[in-house]
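As stored in target-v2.cif (mmCIF, N, CA and C atoms and all ligand atoms):
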data_input
#
loop_
_atom_site.label_atom_id
_atom_site.label_comp_id
_atom_site.auth_asym_id
_atom_site.auth_seq_id
_atom_site.Cartn_x
_atom_site.Cartn_y
_atom_site.Cartn_z
N MET A 268 13.50 -5.80 -5.51
CA MET A 268 12.65 -4.63 -5.76
C MET A 268 13.00 -4.01 -7.11
N ASN A 269 11.98 -3.63 -7.84
CA ASN A 269 12.20 -2.97 -9.13
C ASN A 269 12.16 -1.46 -8.94
N VAL A 270 13.12 -0.80 -9.57
CA VAL A 270 13.27 0.64 -9.43
C VAL A 270 13.17 1.27 -10.81
N ALA A 271 12.27 2.24 -10.98
CA ALA A 271 12.19 2.96 -12.26
C ALA A 271 12.13 4.45 -11.98
N LEU A 272 13.13 5.17 -12.48
CA LEU A 272 13.19 6.62 -12.29
C LEU A 272 12.91 7.28 -13.63
N SER A 273 11.98 8.24 -13.65
CA SER A 273 11.65 8.91 -14.91
C SER A 273 12.85 9.69 -15.42
N ALA A 274 12.86 10.00 -16.71
CA ALA A 274 14.00 10.67 -17.33
C ALA A 274 14.30 12.02 -16.66
N ASP A 275 13.23 12.72 -16.22
CA ASP A 275 13.47 14.02 -15.58
C ASP A 275 13.77 13.91 -14.08
N GLY A 276 13.75 12.69 -13.56
CA GLY A 276 14.11 12.48 -12.16
C GLY A 276 13.04 12.90 -11.16
N ARG A 277 11.82 13.25 -11.65
CA ARG A 277 10.76 13.74 -10.75
C ARG A 277 9.87 12.62 -10.24
N ALA A 278 9.89 11.48 -10.90
CA ALA A 278 8.98 10.39 -10.55
C ALA A 278 9.72 9.07 -10.44
N LEU A 279 9.55 8.45 -9.29
CA LEU A 279 10.22 7.19 -9.01
C LEU A 279 9.14 6.13 -8.75
N THR A 280 9.29 4.98 -9.37
CA THR A 280 8.34 3.90 -9.11
C THR A 280 9.09 2.73 -8.50
N LEU A 281 8.63 2.30 -7.32
CA LEU A 281 9.23 1.15 -6.65
C LEU A 281 8.19 0.05 -6.59
N SER A 282 8.61 -1.18 -6.89
CA SER A 282 7.66 -2.28 -6.81
C SER A 282 8.37 -3.58 -6.45
N GLY A 283 7.59 -4.54 -5.99
CA GLY A 283 8.14 -5.83 -5.60
C GLY A 283 8.54 -5.85 -4.13
N PRO A 284 9.04 -7.00 -3.66
CA PRO A 284 9.42 -7.12 -2.25
C PRO A 284 10.68 -6.31 -1.93
N LEU A 285 10.77 -5.87 -0.69
CA LEU A 285 11.94 -5.13 -0.22
C LEU A 285 12.70 -6.04 0.75
N SER A 286 13.93 -6.40 0.38
CA SER A 286 14.68 -7.35 1.21
C SER A 286 16.16 -6.97 1.22
N GLU A 287 16.99 -7.87 1.81
CA GLU A 287 18.43 -7.61 1.90
C GLU A 287 19.09 -7.54 0.52
N LYS A 288 18.36 -8.00 -0.51
CA LYS A 288 18.93 -7.97 -1.86
C LYS A 288 18.96 -6.55 -2.44
N ASP A 289 18.22 -5.65 -1.80
CA ASP A 289 18.09 -4.32 -2.38
C ASP A 289 19.06 -3.32 -1.77
N ASP A 290 19.96 -2.79 -2.60
CA ASP A 290 20.84 -1.72 -2.16
C ASP A 290 20.42 -0.46 -2.92
N LEU A 291 19.75 0.43 -2.19
CA LEU A 291 19.19 1.62 -2.82
C LEU A 291 20.07 2.85 -2.61
N THR A 292 21.25 2.68 -2.01
CA THR A 292 22.06 3.86 -1.69
C THR A 292 22.57 4.56 -2.96
N ARG A 293 22.83 3.79 -4.02
CA ARG A 293 23.24 4.44 -5.27
C ARG A 293 22.10 5.25 -5.87
N LEU A 294 20.89 4.72 -5.72
CA LEU A 294 19.70 5.45 -6.17
C LEU A 294 19.59 6.79 -5.44
N ALA A 295 19.83 6.77 -4.12
CA ALA A 295 19.71 7.99 -3.30
C ALA A 295 20.55 9.11 -3.89
N ALA A 296 21.75 8.79 -4.34
CA ALA A 296 22.67 9.80 -4.87
C ALA A 296 22.18 10.39 -6.19
N GLN A 297 21.28 9.67 -6.88
CA GLN A 297 20.78 10.15 -8.18
C GLN A 297 19.61 11.12 -8.04
N LEU A 298 19.07 11.26 -6.82
CA LEU A 298 17.85 12.04 -6.64
C LEU A 298 18.16 13.47 -6.22
N SER A 299 17.27 14.41 -6.62
CA SER A 299 17.36 15.77 -6.12
C SER A 299 15.98 16.43 -6.18
N GLY A 300 15.77 17.43 -5.31
CA GLY A 300 14.51 18.15 -5.28
C GLY A 300 13.35 17.28 -4.84
N GLU A 301 12.14 17.69 -5.28
CA GLU A 301 10.95 16.92 -4.90
C GLU A 301 10.77 15.77 -5.88
N VAL A 302 10.66 14.58 -5.34
CA VAL A 302 10.48 13.39 -6.18
C VAL A 302 9.23 12.66 -5.70
N ARG A 303 8.31 12.41 -6.62
CA ARG A 303 7.11 11.65 -6.28
C ARG A 303 7.43 10.16 -6.39
N VAL A 304 7.13 9.43 -5.34
CA VAL A 304 7.50 8.02 -5.29
C VAL A 304 6.24 7.17 -5.24
N ASP A 305 6.00 6.40 -6.28
CA ASP A 305 4.85 5.51 -6.32
C ASP A 305 5.27 4.17 -5.72
N VAL A 306 4.75 3.87 -4.53
CA VAL A 306 5.11 2.62 -3.85
C VAL A 306 3.93 1.64 -3.87
N GLY A 307 2.95 1.90 -4.74
CA GLY A 307 1.75 1.07 -4.80
C GLY A 307 2.03 -0.40 -5.06
N GLY A 308 3.15 -0.69 -5.76
CA GLY A 308 3.46 -2.08 -6.08
C GLY A 308 4.44 -2.73 -5.13
N VAL A 309 4.77 -2.05 -4.03
CA VAL A 309 5.73 -2.63 -3.08
C VAL A 309 5.06 -3.77 -2.32
N GLY A 310 5.72 -4.91 -2.29
CA GLY A 310 5.16 -6.08 -1.63
C GLY A 310 5.71 -6.26 -0.23
N ARG A 311 6.06 -7.49 0.09
CA ARG A 311 6.56 -7.81 1.42
C ARG A 311 7.81 -7.01 1.76
N ILE A 312 7.90 -6.56 3.00
CA ILE A 312 9.08 -5.85 3.48
C ILE A 312 9.61 -6.64 4.66
N ASN A 313 10.81 -7.25 4.52
CA ASN A 313 11.34 -7.99 5.67
C ASN A 313 12.28 -7.09 6.48
N SER A 314 12.76 -7.60 7.63
CA SER A 314 13.49 -6.72 8.54
C SER A 314 14.81 -6.26 7.93
N ALA A 315 15.46 -7.14 7.14
CA ALA A 315 16.69 -6.72 6.46
C ALA A 315 16.37 -5.65 5.42
N GLY A 316 15.18 -5.77 4.82
CA GLY A 316 14.74 -4.77 3.86
C GLY A 316 14.56 -3.41 4.52
N VAL A 317 14.01 -3.43 5.74
CA VAL A 317 13.83 -2.18 6.47
C VAL A 317 15.18 -1.54 6.75
N LYS A 318 16.16 -2.37 7.16
CA LYS A 318 17.51 -1.86 7.44
C LYS A 318 18.10 -1.18 6.21
N GLY A 319 18.00 -1.87 5.07
CA GLY A 319 18.52 -1.33 3.81
C GLY A 319 17.79 -0.05 3.42
N TRP A 320 16.48 -0.05 3.66
CA TRP A 320 15.67 1.12 3.35
C TRP A 320 16.12 2.32 4.18
N MET A 321 16.43 2.07 5.48
CA MET A 321 16.86 3.17 6.35
C MET A 321 18.20 3.72 5.88
N SER A 322 19.07 2.86 5.31
CA SER A 322 20.34 3.35 4.76
C SER A 322 20.07 4.25 3.56
N PHE A 323 19.07 3.85 2.75
CA PHE A 323 18.66 4.65 1.60
C PHE A 323 18.20 6.05 2.06
N VAL A 324 17.30 6.07 3.06
CA VAL A 324 16.77 7.34 3.56
C VAL A 324 17.90 8.21 4.12
N ALA A 325 18.83 7.56 4.84
CA ALA A 325 19.95 8.30 5.43
C ALA A 325 20.88 8.85 4.36
N ALA A 326 20.95 8.16 3.21
CA ALA A 326 21.87 8.56 2.14
C ALA A 326 21.29 9.64 1.23
N LEU A 327 20.02 10.00 1.43
CA LEU A 327 19.40 11.00 0.55
C LEU A 327 20.07 12.36 0.75
N PRO A 328 20.39 13.04 -0.35
CA PRO A 328 20.93 14.39 -0.21
C PRO A 328 19.91 15.30 0.50
N ASP A 329 20.40 16.35 1.18
CA ASP A 329 19.53 17.26 1.93
C ASP A 329 18.44 17.89 1.09
N SER A 330 18.70 18.09 -0.19
CA SER A 330 17.76 18.79 -1.07
C SER A 330 16.54 17.94 -1.44
N VAL A 331 16.62 16.64 -1.16
CA VAL A 331 15.58 15.73 -1.64
C VAL A 331 14.37 15.72 -0.73
N GLN A 332 13.17 15.89 -1.31
CA GLN A 332 11.95 15.61 -0.56
C GLN A 332 11.14 14.58 -1.31
N LEU A 333 10.97 13.43 -0.67
CA LEU A 333 10.20 12.36 -1.30
C LEU A 333 8.72 12.51 -0.92
N VAL A 334 7.86 12.37 -1.91
CA VAL A 334 6.42 12.43 -1.68
C VAL A 334 5.85 11.07 -2.06
N PHE A 335 5.40 10.31 -1.08
CA PHE A 335 4.99 8.92 -1.30
C PHE A 335 3.53 8.82 -1.69
N GLU A 336 3.27 8.07 -2.75
CA GLU A 336 1.91 7.90 -3.26
C GLU A 336 1.52 6.43 -3.25
N ARG A 337 0.23 6.17 -3.01
CA ARG A 337 -0.36 4.84 -3.09
C ARG A 337 0.29 3.86 -2.11
N CYS A 338 0.65 4.33 -0.91
CA CYS A 338 1.33 3.47 0.07
C CYS A 338 0.44 2.29 0.44
N PRO A 339 0.89 1.06 0.20
CA PRO A 339 0.08 -0.11 0.57
C PRO A 339 0.15 -0.36 2.08
N ALA A 340 -0.74 -1.21 2.57
CA ALA A 340 -0.86 -1.44 4.01
C ALA A 340 0.46 -1.86 4.66
N GLY A 341 1.25 -2.70 3.97
CA GLY A 341 2.53 -3.16 4.53
C GLY A 341 3.50 -2.00 4.71
N PHE A 342 3.48 -1.09 3.75
CA PHE A 342 4.33 0.09 3.82
C PHE A 342 3.88 1.00 4.97
N VAL A 343 2.55 1.16 5.08
CA VAL A 343 1.99 2.01 6.13
C VAL A 343 2.33 1.45 7.51
N SER A 344 2.32 0.11 7.66
CA SER A 344 2.62 -0.40 9.01
C SER A 344 4.08 -0.16 9.37
N GLN A 345 5.00 -0.21 8.39
CA GLN A 345 6.40 0.15 8.69
C GLN A 345 6.48 1.62 9.08
N LEU A 346 5.73 2.45 8.35
CA LEU A 346 5.68 3.88 8.62
C LEU A 346 5.25 4.14 10.06
N ASN A 347 4.30 3.35 10.53
CA ASN A 347 3.78 3.52 11.87
C ASN A 347 4.70 2.93 12.94
N MET A 348 5.48 1.91 12.57
CA MET A 348 6.32 1.22 13.56
C MET A 348 7.74 1.76 13.64
N VAL A 349 8.27 2.19 12.50
CA VAL A 349 9.70 2.53 12.42
C VAL A 349 9.87 4.05 12.39
N ALA A 350 10.46 4.61 13.43
CA ALA A 350 10.68 6.06 13.47
C ALA A 350 11.60 6.47 12.34
N GLY A 351 11.24 7.53 11.65
CA GLY A 351 12.08 8.05 10.58
C GLY A 351 12.06 7.23 9.31
N PHE A 352 11.03 6.40 9.14
CA PHE A 352 10.98 5.47 7.99
C PHE A 352 11.03 6.20 6.66
N ILE A 353 10.46 7.40 6.57
CA ILE A 353 10.56 8.15 5.31
C ILE A 353 11.35 9.44 5.49
N GLY A 354 12.13 9.51 6.55
CA GLY A 354 12.99 10.68 6.75
C GLY A 354 12.19 11.96 6.72
N LYS A 355 12.61 12.89 5.85
CA LYS A 355 11.91 14.17 5.74
C LYS A 355 10.78 14.12 4.73
N GLY A 356 10.53 12.94 4.19
CA GLY A 356 9.50 12.79 3.17
C GLY A 356 8.10 12.93 3.75
N ARG A 357 7.11 12.94 2.85
CA ARG A 357 5.74 12.96 3.35
C ARG A 357 4.89 12.00 2.51
N VAL A 358 3.73 11.67 3.07
CA VAL A 358 2.82 10.74 2.40
C VAL A 358 1.71 11.54 1.74
N ALA A 359 1.47 11.29 0.45
CA ALA A 359 0.39 11.96 -0.27
C ALA A 359 -0.87 11.11 -0.29
N SER A 360 -0.71 9.81 -0.48
CA SER A 360 -1.89 8.95 -0.53
C SER A 360 -1.56 7.52 -0.07
N VAL A 361 -2.61 6.84 0.40
CA VAL A 361 -2.46 5.47 0.89
C VAL A 361 -3.51 4.58 0.23
N ALA A 362 -3.20 3.29 0.16
CA ALA A 362 -4.16 2.30 -0.32
C ALA A 362 -4.80 1.67 0.91
N VAL A 363 -6.09 1.90 1.08
CA VAL A 363 -6.77 1.43 2.30
C VAL A 363 -7.39 0.05 2.05
N PRO A 364 -7.01 -0.93 2.86
CA PRO A 364 -7.51 -2.29 2.61
C PRO A 364 -8.93 -2.54 3.11
N TYR A 365 -9.77 -3.02 2.21
CA TYR A 365 -11.14 -3.44 2.54
C TYR A 365 -11.32 -4.88 2.09
N THR A 366 -12.13 -5.63 2.84
CA THR A 366 -12.41 -7.01 2.48
C THR A 366 -13.92 -7.26 2.53
N CYS A 367 -14.38 -8.12 1.65
CA CYS A 367 -15.78 -8.52 1.68
C CYS A 367 -15.97 -9.62 2.73
N PRO A 368 -16.87 -9.39 3.71
CA PRO A 368 -17.08 -10.38 4.77
C PRO A 368 -17.77 -11.63 4.25
N SER A 369 -18.38 -11.51 3.08
CA SER A 369 -19.18 -12.62 2.59
C SER A 369 -18.40 -13.54 1.66
N CYS A 370 -17.59 -12.97 0.74
CA CYS A 370 -16.88 -13.85 -0.21
C CYS A 370 -15.37 -13.70 -0.18
N GLY A 371 -14.84 -12.74 0.63
CA GLY A 371 -13.39 -12.63 0.76
C GLY A 371 -12.72 -11.76 -0.28
N GLU A 372 -13.49 -11.23 -1.23
CA GLU A 372 -12.95 -10.31 -2.23
C GLU A 372 -12.32 -9.10 -1.51
N SER A 373 -11.21 -8.57 -2.07
CA SER A 373 -10.63 -7.40 -1.42
C SER A 373 -10.50 -6.24 -2.39
N ALA A 374 -10.44 -5.05 -1.82
CA ALA A 374 -10.27 -3.84 -2.62
C ALA A 374 -9.35 -2.91 -1.84
N ASP A 375 -8.56 -2.12 -2.54
CA ASP A 375 -7.61 -1.21 -1.90
C ASP A 375 -7.74 0.19 -2.51
N PRO A 376 -8.84 0.89 -2.22
CA PRO A 376 -9.00 2.22 -2.79
C PRO A 376 -7.88 3.16 -2.34
N ILE A 377 -7.44 4.02 -3.27
CA ILE A 377 -6.39 4.99 -2.97
C ILE A 377 -7.04 6.25 -2.40
N VAL A 378 -6.56 6.67 -1.24
CA VAL A 378 -7.14 7.82 -0.56
C VAL A 378 -6.05 8.84 -0.30
N SER A 379 -6.33 10.08 -0.63
CA SER A 379 -5.39 11.16 -0.35
C SER A 379 -5.39 11.43 1.14
N VAL A 380 -4.23 11.68 1.74
CA VAL A 380 -4.20 11.85 3.20
C VAL A 380 -4.39 13.30 3.64
N SER A 381 -4.39 14.24 2.68
CA SER A 381 -4.37 15.63 3.15
C SER A 381 -5.59 16.03 3.97
N PRO A 382 -6.84 15.68 3.58
CA PRO A 382 -7.92 16.03 4.50
C PRO A 382 -8.31 14.84 5.38
N LEU A 383 -7.50 13.80 5.39
CA LEU A 383 -7.92 12.54 6.00
C LEU A 383 -7.75 12.52 7.51
N ARG A 384 -8.85 12.28 8.23
CA ARG A 384 -8.77 12.15 9.68
C ARG A 384 -9.34 10.81 10.13
N ASP A 385 -10.14 10.20 9.28
CA ASP A 385 -10.76 8.94 9.66
C ASP A 385 -10.98 8.12 8.39
N LEU A 386 -11.24 6.85 8.53
CA LEU A 386 -11.49 5.99 7.39
C LEU A 386 -12.92 5.46 7.47
N PRO A 387 -13.67 5.48 6.37
CA PRO A 387 -15.01 4.92 6.39
C PRO A 387 -14.96 3.41 6.71
N ALA A 388 -15.92 2.95 7.50
CA ALA A 388 -15.95 1.54 7.91
C ALA A 388 -16.29 0.62 6.74
N THR A 389 -16.98 1.18 5.74
CA THR A 389 -17.33 0.35 4.59
C THR A 389 -16.94 1.08 3.30
N HIS A 390 -16.82 0.29 2.23
CA HIS A 390 -16.42 0.88 0.94
C HIS A 390 -17.28 0.29 -0.17
N GLY A 391 -18.52 0.73 -0.19
CA GLY A 391 -19.40 0.32 -1.29
C GLY A 391 -19.60 -1.17 -1.39
N PRO A 392 -20.41 -1.60 -2.36
CA PRO A 392 -20.72 -3.02 -2.50
C PRO A 392 -19.56 -3.80 -3.13
N CYS A 393 -19.42 -5.04 -2.71
CA CYS A 393 -18.44 -5.96 -3.29
C CYS A 393 -18.76 -6.17 -4.77
N PRO A 394 -17.73 -6.04 -5.65
CA PRO A 394 -18.00 -6.23 -7.08
C PRO A 394 -18.40 -7.67 -7.42
N ARG A 395 -18.10 -8.61 -6.54
CA ARG A 395 -18.40 -10.00 -6.84
C ARG A 395 -19.76 -10.44 -6.31
N CYS A 396 -20.06 -10.06 -5.03
CA CYS A 396 -21.31 -10.59 -4.46
C CYS A 396 -22.27 -9.52 -3.97
N GLY A 397 -21.84 -8.24 -3.93
CA GLY A 397 -22.76 -7.18 -3.56
C GLY A 397 -22.83 -6.86 -2.08
N ALA A 398 -22.18 -7.65 -1.21
CA ALA A 398 -22.14 -7.31 0.22
C ALA A 398 -21.26 -6.06 0.40
N MET A 399 -21.38 -5.38 1.55
CA MET A 399 -20.58 -4.19 1.77
C MET A 399 -19.15 -4.58 2.13
N LEU A 400 -18.18 -3.99 1.43
CA LEU A 400 -16.77 -4.22 1.77
C LEU A 400 -16.48 -3.56 3.12
N GLU A 401 -15.75 -4.29 3.98
CA GLU A 401 -15.48 -3.76 5.31
C GLU A 401 -14.00 -3.41 5.47
N LEU A 402 -13.76 -2.35 6.23
CA LEU A 402 -12.40 -1.90 6.51
C LEU A 402 -11.62 -3.00 7.25
N ASP A 403 -10.40 -3.25 6.77
CA ASP A 403 -9.59 -4.35 7.28
C ASP A 403 -8.61 -3.95 8.37
N VAL A 404 -8.56 -2.68 8.70
CA VAL A 404 -7.58 -2.18 9.66
C VAL A 404 -8.27 -1.28 10.68
N SER A 405 -7.59 -1.05 11.81
CA SER A 405 -8.10 -0.08 12.76
C SER A 405 -7.72 1.32 12.26
N PRO A 406 -8.70 2.22 12.07
CA PRO A 406 -8.36 3.55 11.54
C PRO A 406 -7.30 4.27 12.38
N ASP A 407 -7.40 4.18 13.71
CA ASP A 407 -6.44 4.88 14.56
C ASP A 407 -5.03 4.35 14.34
N GLU A 408 -4.90 3.01 14.25
CA GLU A 408 -3.57 2.43 14.03
C GLU A 408 -3.06 2.74 12.65
N PHE A 409 -3.93 2.60 11.64
CA PHE A 409 -3.50 2.79 10.26
C PHE A 409 -3.05 4.22 10.02
N LEU A 410 -3.74 5.16 10.65
CA LEU A 410 -3.44 6.57 10.40
C LEU A 410 -2.52 7.18 11.45
N ALA A 411 -1.91 6.32 12.29
CA ALA A 411 -1.05 6.83 13.38
C ALA A 411 0.05 7.74 12.84
N PHE A 412 0.55 7.43 11.63
CA PHE A 412 1.68 8.23 11.10
C PHE A 412 1.30 9.69 10.86
N LEU A 413 -0.01 9.97 10.72
CA LEU A 413 -0.44 11.35 10.49
C LEU A 413 -0.26 12.22 11.74
N GLN A 414 -0.22 11.57 12.91
CA GLN A 414 -0.08 12.33 14.15
C GLN A 414 1.36 12.81 14.35
N GLY A 415 2.27 12.18 13.65
CA GLY A 415 3.70 12.43 13.91
C GLY A 415 4.24 13.78 13.57
ZN ZN A 501 -18.18 -10.32 -1.88
#

What is this file in structure tokens?
Ligand SMILES: [Zn+2]
Amino acid sequence: MNVALSADGRALTLSGPLSEKDDLTRLAAQLSGEVRVDVGGVGRINSAGVKGWMSFVAALPDSVQLVFERCPAGFVSQLNMVAGFIGKGRVASVAVPYTCPSCGESADPIVSVSPLRDLPATHGPCPRCGAMLELDVSPDEFLAFLQG
């Protein structure tokens, strides 16, 4: 996983796969206050990665509040399955997966979660073939973390 922290410490960008290779506990000690975390580029998360991630969350100083942006579907499913996955953090926006039923093209529009209660079943015409892009997930399952 690639880690980039802005000079002022307010913005963190995480990208790439999350696995046993990632030790983020040193990063946790560098953070303070509200930090916006862009996880839009986070790829596969394996079970060892989840374990390491939970150590990271546990190691965060009390003052830290992480605000997660552009959470991809893989990140959201961990959020829904793993209790305490983001600790005291909150989610600001998610990338909602849509697929074209006709040609397989996909799109992941970023949606803010603050007024979000449901997901539209379609997302405009496919840029490649013009068919309507269809929602790839069950809205209730995808948004389960909002009930927590
Ligand atoms: Zn298409």

Each chain A residue no farther than 8 Å from ligand ZN 501 (chain A), nearest pair in Å, all atoms listed in the file, as CSV:
residue,atom,partner,partner_atom,distance
A:Thr366,C,A:ZN501,ZN,6.9
A:Cys367,CA,A:ZN501,ZN,4.7
A:Pro368,N,A:ZN501,ZN,5.8
A:Ser369,C,A:ZN501,ZN,4.8
A:Cys370,N,A:ZN501,ZN,3.8
A:Gly371,N,A:ZN501,ZN,4.8
A:Glu372,N,A:ZN501,ZN,4.8
A:Ser373,N,A:ZN501,ZN,7.2
A:Pro392,C,A:ZN501,ZN,6.8
A:Cys393,CA,A:ZN501,ZN,4.6
A:Pro394,N,A:ZN501,ZN,5.7
A:Arg395,C,A:ZN501,ZN,4.7
A:Cys396,N,A:ZN501,ZN,3.7
A:Gly397,N,A:ZN501,ZN,4.7
A:Ala398,N,A:ZN501,ZN,4.9
A:Met399,N,A:ZN501,ZN,6.8
A:Leu400,N,A:ZN501,ZN,7.1

Counting only N, CA and C atoms, closest pick from A:Leu327, A:Ala271, A:Leu281, A:Leu383 relative to A:Gly308 is A:Leu281

Between atom CA of A:Val343 and atom CA of A:Ala295 lies a distance of 20.9 Å

As a ChimeraX atom specification, which residues of chain A does DSSP assign to helix (DSSP H, G or I)?
/A:292-297,314-326,340-348,406-409,411-414

Apply DSSP to the backbone of this structure and, from stretch 308-409 of chain A, keep only the residues in strand (DSSP E or B); write these as number ranges by chain.
A: 308-312, 332-336, 338, 357-358, 360-362, 365-366, 373-374, 377-379, 389-392, 399-402

Separation of atom N of A:Arg357 from atom CA of A:Val304 in Å
9.5 Å

Every residue with an atom at most 9 Å from (8.6, 11.8, 1.5) (file coordinates; only C-alpha atoms) is what I'm after, so could you write them as an mmCIF file with N, CA and C atoms, in the coordinates of the input?
data_model
loop_
_atom_site.group_PDB
_atom_site.id
_atom_site.type_symbol
_atom_site.label_atom_id
_atom_site.label_comp_id
_atom_site.auth_asym_id
_atom_site.auth_seq_id
_atom_site.Cartn_x
_atom_site.Cartn_y
_atom_site.Cartn_z
ATOM 1 N N GLU A 301 12.140 17.690 -5.280
ATOM 2 C CA GLU A 301 10.950 16.920 -4.900
ATOM 3 C C GLU A 301 10.770 15.770 -5.880
ATOM 4 N N VAL A 302 10.660 14.580 -5.340
ATOM 5 C CA VAL A 302 10.480 13.390 -6.180
ATOM 6 C C VAL A 302 9.230 12.660 -5.700
ATOM 7 N N ARG A 303 8.310 12.410 -6.620
ATOM 8 C CA ARG A 303 7.110 11.650 -6.280
ATOM 9 C C ARG A 303 7.430 10.160 -6.390
ATOM 10 N N VAL A 304 7.130 9.430 -5.340
ATOM 11 C CA VAL A 304 7.500 8.020 -5.290
ATOM 12 C C VAL A 304 6.240 7.170 -5.240
ATOM 13 N N VAL A 331 16.620 16.640 -1.160
ATOM 14 C CA VAL A 331 15.580 15.730 -1.640
ATOM 15 C C VAL A 331 14.370 15.720 -0.730
ATOM 16 N N GLN A 332 13.170 15.890 -1.310
ATOM 17 C CA GLN A 332 11.950 15.610 -0.560
ATOM 18 C C GLN A 332 11.140 14.580 -1.310
ATOM 19 N N LEU A 333 10.970 13.430 -0.670
ATOM 20 C CA LEU A 333 10.200 12.360 -1.300
ATOM 21 C C LEU A 333 8.720 12.510 -0.920
ATOM 22 N N VAL A 334 7.860 12.370 -1.910
ATOM 23 C CA VAL A 334 6.420 12.430 -1.680
ATOM 24 C C VAL A 334 5.850 11.070 -2.060
ATOM 25 N N PHE A 335 5.400 10.310 -1.080
ATOM 26 C CA PHE A 335 4.990 8.920 -1.300
ATOM 27 C C PHE A 335 3.530 8.820 -1.690
ATOM 28 N N ILE A 353 10.460 7.400 6.570
ATOM 29 C CA ILE A 353 10.560 8.150 5.310
ATOM 30 C C ILE A 353 11.350 9.440 5.490
ATOM 31 N N GLY A 354 12.130 9.510 6.550
ATOM 32 C CA GLY A 354 12.990 10.680 6.750
ATOM 33 C C GLY A 354 12.190 11.960 6.720
ATOM 34 N N LYS A 355 12.610 12.890 5.850
ATOM 35 C CA LYS A 355 11.910 14.170 5.740
ATOM 36 C C LYS A 355 10.780 14.120 4.730
ATOM 37 N N GLY A 356 10.530 12.940 4.190
ATOM 38 C CA GLY A 356 9.500 12.790 3.170
ATOM 39 C C GLY A 356 8.100 12.930 3.750
ATOM 40 N N ARG A 357 7.110 12.940 2.850
ATOM 41 C CA ARG A 357 5.740 12.960 3.350
ATOM 42 C C ARG A 357 4.890 12.000 2.510
ATOM 43 N N VAL A 358 3.730 11.670 3.070
ATOM 44 C CA VAL A 358 2.820 10.740 2.400
ATOM 45 C C VAL A 358 1.710 11.540 1.740
ATOM 46 N N ALA A 359 1.470 11.290 0.450
ATOM 47 C CA ALA A 359 0.390 11.960 -0.270
ATOM 48 C C ALA A 359 -0.870 11.110 -0.290
#

In terms of the shortest atom-to-atom distance over only C-alpha atoms, which of A:Pro382, A:Pro376, A:Pro339, A:Gly351 is closest to A:Asp305?
A:Pro339

A:Glu401, A:Ser330, A:Ala315, A:Leu413: which is nearest A:Pro387, counting all atoms listed in the file?
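Under the stated criterion, the closest residue is A:Glu401.
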
Go through A:Gly310, A:Gly300, A:Pro406, A:Gly316 and flag the residue nearest A:Pro284, using all atoms listed in the file for the distances.
A:Gly310

To one decimal in Å, tell me the separation between atom C of A:Asn269 and atom N of A:Asp375.
21.7 Å

From the list A:Val363, A:Leu279, A:Ala350, A:Ile312, which residue is nearest A:Cys338 when using all atoms listed in the file?
A:Val363
